[in-house]
Structure formats: C-alpha cells, structure tokens
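Visitor: Got a structure for you, query34.tsv, holding TSV, C-alpha atoms.
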```
chain	number	residue	atom	x	y	z
G	5	MET	CA	-15.46	23.14	-9.15
G	6	LEU	CA	-16.41	25.97	-6.82
G	7	VAL	CA	-13.34	27.96	-5.81
G	8	LEU	CA	-13.41	30.24	-2.76
G	9	ARG	CA	-10.76	32.38	-1.12
G	10	ARG	CA	-10.79	32.19	2.68
G	11	ARG	CA	-8.55	33.41	5.50
G	12	ALA	CA	-7.58	31.64	8.69
G	13	GLY	CA	-10.55	31.78	11.05
G	14	ASP	CA	-13.08	31.85	8.19
G	15	SER	CA	-15.58	29.05	7.72
G	16	LEU	CA	-17.86	27.72	5.05
G	17	LEU	CA	-20.99	25.62	5.18
G	18	ILE	CA	-21.81	22.64	3.01
G	19	GLY	CA	-25.54	21.97	3.07
G	20	GLY	CA	-27.05	22.85	6.41
G	21	GLU	CA	-25.04	20.49	8.58
G	22	ILE	CA	-21.39	20.51	7.56
G	23	GLU	CA	-19.05	23.31	8.56
G	24	VAL	CA	-15.44	23.56	7.47
G	25	GLU	CA	-13.24	26.03	9.31
G	26	ILE	CA	-9.80	27.17	8.17
G	27	LEU	CA	-7.81	26.90	11.42
G	28	GLU	CA	-4.27	27.61	10.28
G	29	ILE	CA	-2.39	28.34	7.07
G	30	THR	CA	1.32	27.74	6.54
G	31	PRO	CA	3.28	27.97	3.27
G	32	THR	CA	2.84	24.24	2.68
G	33	ARG	CA	-0.22	23.19	4.64
G	34	VAL	CA	-3.72	24.16	5.60
G	35	LYS	CA	-5.22	22.97	8.88
G	36	LEU	CA	-8.97	22.41	8.64
G	37	GLY	CA	-11.57	21.81	11.31
G	38	ILE	CA	-14.69	19.97	10.20
G	39	LEU	CA	-18.02	19.81	12.01
G	40	ALA	CA	-20.37	17.20	10.57
G	41	PRO	CA	-23.05	14.75	11.74
G	42	ASP	CA	-21.80	11.30	12.83
G	43	SER	CA	-23.49	9.76	9.79
G	44	VAL	CA	-21.08	11.59	7.47
G	45	THR	CA	-17.82	9.75	6.84
G	46	ILE	CA	-14.79	11.99	6.47
G	47	VAL	CA	-11.66	10.41	5.06
G	48	ARG	CA	-8.48	11.71	3.46
G	49	LYS	CA	-8.77	11.18	-0.29
G	50	GLU	CA	-5.51	9.22	-0.53
G	51	VAL	CA	-6.77	6.79	2.13
G	52	HIS	CA	-10.01	6.38	0.16
G	53	LEU	CA	-8.04	5.68	-3.05
G	54	THR	CA	-5.78	3.23	-1.20
G	55	ARG	CA	-8.83	1.40	0.14
G	56	GLU	CA	-10.39	1.19	-3.35
G	57	GLN	CA	-7.13	-0.09	-4.80
G	58	ASN	CA	-6.76	-2.67	-2.01
G	59	VAL	CA	-10.29	-3.96	-2.60
G	60	THR	CA	-9.57	-4.36	-6.33
G	61	ALA	CA	-6.19	-5.98	-5.63
G	62	ALA	CA	-7.85	-8.53	-3.30
G	63	LYS	CA	-9.98	-9.99	-6.09
G	64	LYS	CA	-9.30	-13.55	-7.19
G	65	VAL	CA	-6.60	-13.74	-9.84
G	66	ASP	CA	-6.30	-16.31	-12.61
G	67	PRO	CA	-3.14	-18.44	-12.03
G	68	GLY	CA	-2.22	-17.86	-15.69
G	69	ALA	CA	-1.99	-14.16	-14.99
G	70	VAL	CA	0.49	-14.81	-12.18
G	71	SER	CA	2.87	-16.76	-14.39
G	72	TRP	CA	2.53	-14.18	-17.16
G	73	LEU	CA	3.38	-11.43	-14.67
G	74	THR	CA	6.35	-13.40	-13.36
G	75	GLY	CA	7.65	-13.80	-16.91
G	76	LYS	CA	7.26	-10.09	-17.56
G	77	LEU	CA	9.19	-9.11	-14.44
G	78	ALA	CA	11.93	-11.70	-14.97
G	79	LYS	CA	12.89	-10.49	-18.49
G	80	HIS	CA	16.26	-8.86	-18.83
L	2	MET	CA	4.39	-25.70	14.04
L	3	PRO	CA	1.09	-23.86	13.46
L	4	SER	CA	-0.63	-24.12	10.11
L	5	PHE	CA	-3.43	-22.27	8.33
L	6	PRO	CA	-5.73	-23.45	5.54
L	7	THR	CA	-5.34	-21.22	2.49
L	8	THR	CA	-7.26	-21.11	-0.77
L	9	TYR	CA	-4.14	-20.83	-2.94
L	10	PHE	CA	-1.43	-22.76	-1.07
L	11	GLY	CA	-3.48	-25.42	0.72
L	12	GLU	CA	-2.57	-26.05	4.35
L	13	LEU	CA	0.28	-23.62	5.00
L	14	GLU	CA	2.74	-24.38	7.81
L	15	TYR	CA	4.57	-21.41	9.28
L	16	HIS	CA	6.81	-20.33	12.17
L	17	SER	CA	4.98	-18.05	14.60
L	18	ASP	CA	7.90	-15.59	14.44
L	19	SER	CA	7.50	-15.21	10.67
L	20	VAL	CA	4.07	-13.58	11.06
L	21	PHE	CA	3.85	-9.86	10.31
L	22	GLU	CA	1.53	-7.90	12.60
L	23	PHE	CA	-0.39	-5.03	11.02
L	24	PRO	CA	-1.85	-3.42	14.17
L	25	SER	CA	-4.54	-1.51	12.26
L	26	GLY	CA	-4.86	-3.78	9.24
L	27	ILE	CA	-4.80	-2.02	5.86
L	28	PRO	CA	-7.47	0.33	4.44
L	29	GLY	CA	-10.48	-1.76	3.47
L	30	PHE	CA	-9.24	-4.74	5.49
L	31	GLU	CA	-8.88	-3.27	8.96
L	32	GLU	CA	-9.79	-6.55	10.68
L	33	HIS	CA	-6.89	-8.39	9.02
L	34	THR	CA	-3.99	-7.79	11.38
L	35	ARG	CA	-1.76	-10.81	10.76
L	36	PHE	CA	-0.17	-11.72	7.43
L	37	LEU	CA	2.35	-14.18	6.13
L	38	LEU	CA	4.65	-13.56	3.18
L	39	VAL	CA	4.79	-16.50	0.80
L	40	GLU	CA	7.50	-16.65	-1.85
L	41	GLN	CA	7.77	-19.34	-4.51
L	42	VAL	CA	10.75	-19.99	-6.76
L	43	GLN	CA	8.53	-20.20	-9.85
L	44	SER	CA	6.88	-16.85	-9.21
L	45	HIS	CA	9.96	-14.81	-8.25
L	46	PRO	CA	10.05	-11.80	-7.69
L	47	LEU	CA	6.37	-11.82	-6.71
L	48	VAL	CA	5.51	-12.11	-3.03
L	49	PHE	CA	2.13	-13.35	-1.83
L	50	VAL	CA	0.70	-11.62	1.21
L	51	GLN	CA	-1.62	-14.12	2.87
L	52	SER	CA	-4.08	-13.08	5.59
L	53	LEU	CA	-4.19	-15.32	8.65
L	54	LEU	CA	-7.84	-14.41	9.17
L	55	SER	CA	-9.36	-15.48	5.84
L	56	PRO	CA	-8.05	-18.41	3.78
L	57	GLU	CA	-9.11	-16.66	0.56
L	58	LEU	CA	-7.53	-13.25	1.21
L	59	CYS	CA	-4.16	-13.21	-0.48
L	60	PHE	CA	-2.62	-10.19	-2.16
L	61	ILE	CA	-0.04	-10.38	-4.91
L	62	ALA	CA	2.82	-8.00	-4.23
L	63	VAL	CA	6.11	-7.07	-5.82
L	64	PRO	CA	9.16	-5.34	-4.32
L	65	VAL	CA	8.92	-1.68	-5.33
L	66	LEU	CA	12.47	-1.74	-6.69
L	67	ALA	CA	11.50	-4.47	-9.18
L	68	VAL	CA	8.95	-2.08	-10.65
L	69	ASP	CA	10.94	1.14	-10.26
L	70	PRO	CA	14.67	0.69	-9.57
L	71	GLN	CA	14.88	4.40	-8.61
L	72	TYR	CA	12.06	4.18	-6.06
L	73	ARG	CA	12.71	6.23	-2.93
L	74	LEU	CA	10.92	5.32	0.26
L	75	GLU	CA	10.23	8.27	2.54
L	76	LEU	CA	8.61	7.60	5.89
L	77	ASN	CA	7.27	10.39	8.07
L	78	GLU	CA	7.72	10.42	11.85
L	79	GLU	CA	4.33	8.83	12.45
L	80	ASP	CA	5.15	5.94	10.07
L	81	LEU	CA	8.53	5.39	11.76
L	82	VAL	CA	6.86	5.18	15.18
L	83	SER	CA	4.17	2.78	13.94
L	84	LEU	CA	6.85	0.59	12.39
L	85	GLN	CA	8.96	0.69	15.58
L	86	LEU	CA	11.90	2.10	13.65
L	87	PRO	CA	14.44	4.53	15.12
L	88	GLY	CA	13.66	8.06	13.95
L	89	ALA	CA	17.24	9.08	13.21
L	90	ALA	CA	17.39	7.96	9.59
L	91	GLN	CA	15.30	6.47	6.83
L	92	PRO	CA	15.40	2.65	6.91
L	93	ARG	CA	17.28	0.76	4.23
L	94	VAL	CA	14.99	-1.11	1.86
L	95	GLY	CA	15.92	-4.78	1.73
L	96	GLU	CA	17.89	-4.60	5.01
L	97	ASP	CA	15.78	-2.92	7.71
L	98	VAL	CA	12.49	-3.03	5.87
L	99	ALA	CA	10.82	-4.68	2.91
L	100	CYS	CA	8.78	-2.39	0.70
L	101	LEU	CA	6.14	-4.14	-1.37
L	102	ALA	CA	3.65	-2.75	-3.87
L	103	LEU	CA	0.29	-4.51	-4.09
L	104	VAL	CA	-0.46	-5.68	-7.60
L	105	THR	CA	-3.83	-5.36	-9.32
L	106	VAL	CA	-4.62	-7.72	-12.15
L	107	THR	CA	-7.80	-6.92	-14.06
L	108	GLU	CA	-8.91	-8.45	-17.32
L	109	ASN	CA	-8.00	-6.58	-20.51
L	110	VAL	CA	-5.87	-4.05	-18.64
L	111	ASP	CA	-2.14	-4.24	-17.98
L	112	PRO	CA	-1.38	-5.25	-14.39
L	113	THR	CA	-0.53	-2.34	-12.14
L	114	ALA	CA	1.42	-1.89	-8.92
L	115	ASN	CA	0.44	0.54	-6.18
L	116	LEU	CA	3.63	2.55	-5.68
L	117	ARG	CA	1.78	5.36	-3.89
L	118	SER	CA	0.76	3.26	-0.91
L	119	PRO	CA	3.21	0.36	-0.49
L	120	LEU	CA	3.36	-2.10	2.40
L	121	VAL	CA	6.41	-1.43	4.55
L	122	LEU	CA	7.55	-4.28	6.76
L	123	ASN	CA	10.00	-4.00	9.63
L	124	LEU	CA	11.99	-7.19	9.07
L	125	LYS	CA	13.35	-7.36	12.64
L	126	LYS	CA	10.27	-6.42	14.64
L	127	ARG	CA	7.87	-8.13	12.22
L	128	VAL	CA	5.52	-5.17	12.12
L	129	GLY	CA	3.87	-3.94	8.95
L	130	LEU	CA	2.07	-0.83	7.78
L	131	GLN	CA	0.60	0.39	4.53
L	132	ILE	CA	2.04	3.86	4.17
L	133	ILE	CA	0.85	6.58	1.80
L	134	HIS	CA	3.73	8.25	0.01
L	135	GLN	CA	3.73	12.07	0.12
L	136	ASP	CA	5.15	12.22	-3.38
L	137	THR	CA	2.20	12.38	-5.77
L	138	ARG	CA	4.44	11.35	-8.67
L	139	TYR	CA	4.04	7.78	-7.45
L	140	SER	CA	0.86	6.27	-8.83
L	141	PHE	CA	-1.80	4.12	-7.20
L	142	ARG	CA	-1.87	2.27	-10.53
L	143	GLN	CA	1.61	2.15	-12.03
L	144	PRO	CA	1.59	-0.14	-15.10
L	145	ILE	CA	4.11	-2.94	-14.62
L	146	GLN	CA	6.70	-3.00	-17.37
L	147	SER	CA	9.40	-5.56	-17.83
L	148	GLN	CA	13.01	-4.47	-17.27
L	149	GLU	CA	13.48	-4.78	-21.04
L	150	GLU	CA	10.71	-2.27	-21.71
L	151	LEU	CA	12.14	0.08	-19.07
L	152	THR	CA	15.50	0.06	-20.85
L	153	GLN	CA	13.87	0.78	-24.19
L	154	CYS	CA	11.89	3.65	-22.69
L	155	SER	CA	14.98	5.40	-21.39
L	156	CYS	CA	16.67	5.37	-24.82
```
Spit out the file's structure as structure tokens when you get a sec.
Guide:
Amino acid sequence: MLVLRRRAGDSLLIGGEIEVEILEITPTRVKLGILAPDSVTIVRKEVHLTREQNVTAAKKVDPGAVSWLTGKLAKH
Amino acid sequence: MPSFPTTYFGELEYHSDSVFEFPSGIPGFEEHTRFLLVEQVQSHPLVFVQSLLSPELCFIAVPVLAVDPQYRLELNEEDLVSLQLPGAAQPRVGEDVACLALVTVTENVDPTANLRSPLVLNLKKRVGLQIIHQDTRYSFRQPIQSQEELTQCSC
C-alpha cells in the first residue's frame, strides 16, 4: 500500500484523470473532494461490502438449511 | 385483501398497512422498495423479508439480539430522519423499531449474520432502511452460534 502524508488543501492524482483533494481534517474525520470521469464509480467501501453481502444473502437457500438454522438458534 | 405470488410461500395475502417501504431499496437491490415480513412458527426466530417486486427475492433475517444479546443499535441523524424517527433519543429495539440482520447461508460454511449493516424498521411508520453501523467491531459476516455455544464461550 502506498502511504502519503498530505495537508488540507493538498491533492493527489490517480492515473491521469482522477484527482483527490484533502478539503478538511478534523481529529476524527477527513473530508475529501474527488474529481473523476463519469465512467468511474465511487462508492464508500462499507456500502460496497453491504451490497456484496446482500447479493450473496439473496441466493436461493435449501429449505433444510433453514430448519437447521432455526434449530441452532432455538437451543438453550 | 391484496396478495402477491411468492416462490417460497405461494400466493401470499397481506394487509396493505403491513408493507414496509424502503424508499431507496437496499444496496444491490435499489429497485426493491416494498417488503413484507413473513414469520412462521416453525422457523422462529427467523424472519423472512419478501420483496413485493420479485416473487423469488426473499431474504432470511434474524433479530440482531438473537445473534448478539448485547447488540447496541446506534443511528446517526441522517438515519433517524430517513426512518422518520424523532431525533431526541435512540429508538428502542423491539418497541419503536425492529432491527434485523440478513443471514447468508453458503454451502460448507457456517451461516453468518450481517450485524454491520442491519435492516432497521420503524414499526409505526412502516419505513425501513439498511443502516451501516459506525462500529467496525460488528461484522458483515458474524458466524451464527447457538445460545448454548455463546454460554460456553463466555466461560
């Protein structure tokens, strides 16, 4: 992983077309501005992971697995 | 009474006021904005989250507290607004809101529950949202253990 130190107001370029600017830094958060072509999708990583998990969760499930799961959760 | 053909429950009759509206769907399923919760005695405490757009889209979910009795729901201001909840205090799980983790069942792997991004449902206003918990201790793939196993682990 490339690690860079930047200050508020500094920018960096990814390839020739993507620019990331550090807009504001607070003790807990960094505010970023991103300039990129429309064809580039930008998404928060946790939203991406949620989407992936949702797509996996939506797959057809064997009814046997449902009753097994119910049994597992019902145990005392 | 309206009804909807479903892959898993056949023709499902429902009251229109039992529908949960998800104004922006959930990530990956943005076009699915209306869901029904289906509970069956034989599969308690599981809850099935059936889309009213596709007969075959049905998630298996479990109340977060059944997976982690210490689970703490924390909604940010934006979540509270989306869920039409008053901003003064966090909602009470089981009274103001239901909080359900979507379950993933894959072959040869223990089933997991997504505690990081649970569905939160406003039980009065019938509005739902998949939130993303700030606390990174909660996993997108928390293995589901029985209560018995949980007790043994804490020994």
Visitor: Applying 9 Å and all atoms listed in the file, which residues near Leu54 in chain L remain after dropping the ones on its own chain fewer than 5 positions away? List them as a list of chain:residue names.
Guide: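 Everything that qualifies: L:Glu32, L:His33, L:Thr34, L:Arg35, L:Phe36.
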Visitor: Keeping only C-alpha atoms, write the selected residues to a file as an mmCIF file, in the frame of the given file.
Guide:
```cif
data_model
loop_
_atom_site.group_PDB
_atom_site.id
_atom_site.type_symbol
_atom_site.label_atom_id
_atom_site.label_comp_id
_atom_site.auth_asym_id
_atom_site.auth_seq_id
_atom_site.Cartn_x
_atom_site.Cartn_y
_atom_site.Cartn_z
ATOM 1 C CA GLU L 32 -9.790 -6.550 10.680
ATOM 2 C CA HIS L 33 -6.890 -8.390 9.020
ATOM 3 C CA THR L 34 -3.990 -7.790 11.380
ATOM 4 C CA ARG L 35 -1.760 -10.810 10.760
ATOM 5 C CA PHE L 36 -0.170 -11.720 7.430
#
```
Visitor: Show me, as a tab-separated table, the residues of chain G having an atom within 7 Å of chain L, each with the closest atom pair and its distance in Å, using all atoms listed in the file.
Guide:
```
residue	atom	partner	partner_atom	distance
G:Val51	CA	L:Pro28	CA	6.9
G:Thr54	CA	L:Ser118	CA	6.5
G:Arg55	CA	L:Pro28	CA	4.6
G:Asn58	CA	L:Gly29	CA	6.7
G:Val59	CA	L:Gly29	CA	6.5
G:Thr60	CA	L:Thr105	CA	6.5
G:Ala61	CA	L:Thr105	CA	4.4
G:Ala62	CA	L:Phe60	CA	5.6
G:Val65	CA	L:Val106	CA	6.7
G:Ser71	CA	L:Ser44	CA	6.6
G:Thr74	CA	L:Ser44	CA	5.4
G:Lys76	CA	L:Ser147	CA	5.0
G:Leu77	CA	L:Ser147	CA	4.9
G:Lys79	CA	L:Ser147	CA	6.1
G:His80	CA	L:Glu149	CA	5.4
```
Visitor: Name the residues in contact with Val24 in chain G at a cut-off of 6 Å, using only C-alpha atoms, excluding same-chain residues fewer than 2 positions from it; report them as a compact mmCIF listing (two decimals) with C-alpha atoms, in the frame of the given file.
Guide:
```txt
# COMPACT_ATOMS: atom_id res chain seq x y z
CA SER G 15 -15.58 29.05 7.72
CA LEU G 16 -17.86 27.72 5.05
CA GLY G 37 -11.57 21.81 11.31
CA ILE G 38 -14.69 19.97 10.20
```
Visitor: May I ask for the distance between CA of Pro6 in chain L and CA of Leu38 in chain L, given in Å to one decimal place?
Guide: 14.5 Å
Visitor: Separation of CA of Ala78 in chain G and CA of His16 in chain L, in Å?
Guide: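 Spanning CA of Ala78 in chain G to CA of His16 in chain L is a straight-line distance of 28.9 Å.
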Visitor: Can you work out the spacing between CA of Gly129 in chain L and CA of Glu12 in chain L in Å, to one decimal?
Guide: 23.5 Å
Visitor: Compare L:Leu84, L:Val65, L:Val42, L:Val20 by their minimum atom-to-atom distance to Tyr139 in chain L, counting only C-alpha atoms, and give me the closest one.
Guide: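 Going through L:Leu84, L:Val65, L:Val42, L:Val20 one by one, the smallest distance to Tyr139 in chain L is for L:Val65.
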Visitor: Hey, which of L:Leu86, L:Val110, L:Leu66, L:Val39 ends up closest to Lys125 in chain L? Count only C-alpha atoms.
Guide: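 Smallest distance to Lys125 in chain L is found for L:Leu86.
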Visitor: Build an axis-aligned box that encloses every atom of range 28-44 of chain L listed in the file, pad it by 5 Å on each side, and report its centre and edge lengths in Å to one decimal, as AutoDock Vina command-line options.
Guide:
```
--center_x 0.1 --center_y -9.9 --center_z 0.8 --size_x 31.2 --size_y 30.5 --size_z 31.2
```
Visitor: Excluding Thr30 in chain G and any residue of its chain fewer than 4 positions from it, enumerate the residues within 12 Å of it, using all atoms listed in the file, and give them as a list in words.
Guide: Arg11, Ala12, Ile26, Val34, Lys35 and Leu36 of chain G
Visitor: Taking N, CA, C and O atoms as the atom set, what does range 48-68 of chain G look like once completed, written as a PDB file, keeping the file's coordinate frame?
Guide:
```
ATOM      1  N   ARG G  48      -9.445  11.094   4.377  1.00  0.00           N
ATOM      2  CA  ARG G  48      -8.480  11.710   3.460  1.00  0.00           C
ATOM      3  C   ARG G  48      -8.612  11.000   2.116  1.00  0.00           C
ATOM      4  O   ARG G  48      -8.742   9.781   2.061  1.00  0.00           O
ATOM      5  N   LYS G  49      -8.525  11.773   1.023  1.00  0.00           N
ATOM      6  CA  LYS G  49      -8.770  11.180  -0.290  1.00  0.00           C
ATOM      7  C   LYS G  49      -7.771  10.062  -0.600  1.00  0.00           C
ATOM      8  O   LYS G  49      -8.123   9.038  -1.173  1.00  0.00           O
ATOM      9  N   GLU G  50      -6.495  10.242  -0.194  1.00  0.00           N
ATOM     10  CA  GLU G  50      -5.510   9.220  -0.530  1.00  0.00           C
ATOM     11  C   GLU G  50      -5.778   7.906   0.211  1.00  0.00           C
ATOM     12  O   GLU G  50      -5.472   6.831  -0.280  1.00  0.00           O
ATOM     13  N   VAL G  51      -6.402   8.008   1.398  1.00  0.00           N
ATOM     14  CA  VAL G  51      -6.770   6.790   2.130  1.00  0.00           C
ATOM     15  C   VAL G  51      -7.930   6.098   1.406  1.00  0.00           C
ATOM     16  O   VAL G  51      -7.953   4.878   1.243  1.00  0.00           O
ATOM     17  N   HIS G  52      -8.877   6.912   0.924  1.00  0.00           N
ATOM     18  CA  HIS G  52     -10.010   6.380   0.160  1.00  0.00           C
ATOM     19  C   HIS G  52      -9.519   5.659  -1.090  1.00  0.00           C
ATOM     20  O   HIS G  52      -9.947   4.542  -1.400  1.00  0.00           O
ATOM     21  N   LEU G  53      -8.565   6.284  -1.815  1.00  0.00           N
ATOM     22  CA  LEU G  53      -8.040   5.680  -3.050  1.00  0.00           C
ATOM     23  C   LEU G  53      -7.257   4.408  -2.737  1.00  0.00           C
ATOM     24  O   LEU G  53      -7.312   3.440  -3.485  1.00  0.00           O
ATOM     25  N   THR G  54      -6.527   4.425  -1.597  1.00  0.00           N
ATOM     26  CA  THR G  54      -5.780   3.230  -1.200  1.00  0.00           C
ATOM     27  C   THR G  54      -6.745   2.089  -0.898  1.00  0.00           C
ATOM     28  O   THR G  54      -6.529   0.952  -1.317  1.00  0.00           O
ATOM     29  N   ARG G  55      -7.836   2.414  -0.192  1.00  0.00           N
ATOM     30  CA  ARG G  55      -8.830   1.400   0.140  1.00  0.00           C
ATOM     31  C   ARG G  55      -9.419   0.788  -1.141  1.00  0.00           C
ATOM     32  O   ARG G  55      -9.478  -0.424  -1.295  1.00  0.00           O
ATOM     33  N   GLU G  56      -9.813   1.670  -2.085  1.00  0.00           N
ATOM     34  CA  GLU G  56     -10.390   1.190  -3.350  1.00  0.00           C
ATOM     35  C   GLU G  56      -9.422   0.270  -4.080  1.00  0.00           C
ATOM     36  O   GLU G  56      -9.795  -0.779  -4.588  1.00  0.00           O
ATOM     37  N   GLN G  57      -8.150   0.689  -4.105  1.00  0.00           N
ATOM     38  CA  GLN G  57      -7.130  -0.090  -4.800  1.00  0.00           C
ATOM     39  C   GLN G  57      -6.908  -1.421  -4.104  1.00  0.00           C
ATOM     40  O   GLN G  57      -6.756  -2.457  -4.748  1.00  0.00           O
ATOM     41  N   ASN G  58      -6.917  -1.429  -2.766  1.00  0.00           N
ATOM     42  CA  ASN G  58      -6.760  -2.670  -2.010  1.00  0.00           C
ATOM     43  C   ASN G  58      -7.899  -3.644  -2.302  1.00  0.00           C
ATOM     44  O   ASN G  58      -7.674  -4.846  -2.465  1.00  0.00           O
ATOM     45  N   VAL G  59      -9.123  -3.100  -2.360  1.00  0.00           N
ATOM     46  CA  VAL G  59     -10.290  -3.960  -2.600  1.00  0.00           C
ATOM     47  C   VAL G  59     -10.186  -4.600  -3.990  1.00  0.00           C
ATOM     48  O   VAL G  59     -10.445  -5.787  -4.163  1.00  0.00           O
ATOM     49  N   THR G  60      -9.736  -3.812  -4.975  1.00  0.00           N
ATOM     50  CA  THR G  60      -9.570  -4.360  -6.330  1.00  0.00           C
ATOM     51  C   THR G  60      -8.444  -5.399  -6.344  1.00  0.00           C
ATOM     52  O   THR G  60      -8.561  -6.451  -6.967  1.00  0.00           O
ATOM     53  N   ALA G  61      -7.351  -5.082  -5.634  1.00  0.00           N
ATOM     54  CA  ALA G  61      -6.190  -5.980  -5.630  1.00  0.00           C
ATOM     55  C   ALA G  61      -6.519  -7.307  -4.949  1.00  0.00           C
ATOM     56  O   ALA G  61      -5.887  -8.330  -5.229  1.00  0.00           O
ATOM     57  N   ALA G  62      -7.522  -7.314  -4.062  1.00  0.00           N
ATOM     58  CA  ALA G  62      -7.850  -8.530  -3.300  1.00  0.00           C
ATOM     59  C   ALA G  62      -8.676  -9.517  -4.108  1.00  0.00           C
ATOM     60  O   ALA G  62      -8.890 -10.644  -3.675  1.00  0.00           O
ATOM     61  N   LYS G  63      -9.137  -9.089  -5.289  1.00  0.00           N
ATOM     62  CA  LYS G  63      -9.980  -9.990  -6.090  1.00  0.00           C
ATOM     63  C   LYS G  63      -9.187 -11.190  -6.588  1.00  0.00           C
ATOM     64  O   LYS G  63      -7.993 -11.111  -6.811  1.00  0.00           O
ATOM     65  N   LYS G  64      -9.904 -12.281  -6.754  1.00  0.00           N
ATOM     66  CA  LYS G  64      -9.300 -13.550  -7.190  1.00  0.00           C
ATOM     67  C   LYS G  64      -8.597 -13.351  -8.529  1.00  0.00           C
ATOM     68  O   LYS G  64      -9.119 -12.695  -9.431  1.00  0.00           O
ATOM     69  N   VAL G  65      -7.396 -13.909  -8.629  1.00  0.00           N
ATOM     70  CA  VAL G  65      -6.600 -13.740  -9.840  1.00  0.00           C
ATOM     71  C   VAL G  65      -6.398 -15.089 -10.514  1.00  0.00           C
ATOM     72  O   VAL G  65      -6.136 -16.085  -9.856  1.00  0.00           O
ATOM     73  N   ASP G  66      -6.525 -15.108 -11.820  1.00  0.00           N
ATOM     74  CA  ASP G  66      -6.300 -16.310 -12.610  1.00  0.00           C
ATOM     75  C   ASP G  66      -4.827 -16.728 -12.494  1.00  0.00           C
ATOM     76  O   ASP G  66      -3.938 -15.888 -12.657  1.00  0.00           O
ATOM     77  N   PRO G  67      -4.540 -18.013 -12.190  1.00  0.00           N
ATOM     78  CA  PRO G  67      -3.140 -18.440 -12.030  1.00  0.00           C
ATOM     79  C   PRO G  67      -2.304 -18.146 -13.279  1.00  0.00           C
ATOM     80  O   PRO G  67      -1.111 -17.855 -13.183  1.00  0.00           O
ATOM     81  N   GLY G  68      -2.938 -18.177 -14.447  1.00  0.00           N
ATOM     82  CA  GLY G  68      -2.220 -17.860 -15.690  1.00  0.00           C
ATOM     83  C   GLY G  68      -1.662 -16.453 -15.660  1.00  0.00           C
ATOM     84  O   GLY G  68      -0.559 -16.195 -16.147  1.00  0.00           O
TER      85      GLY G  68
END
```
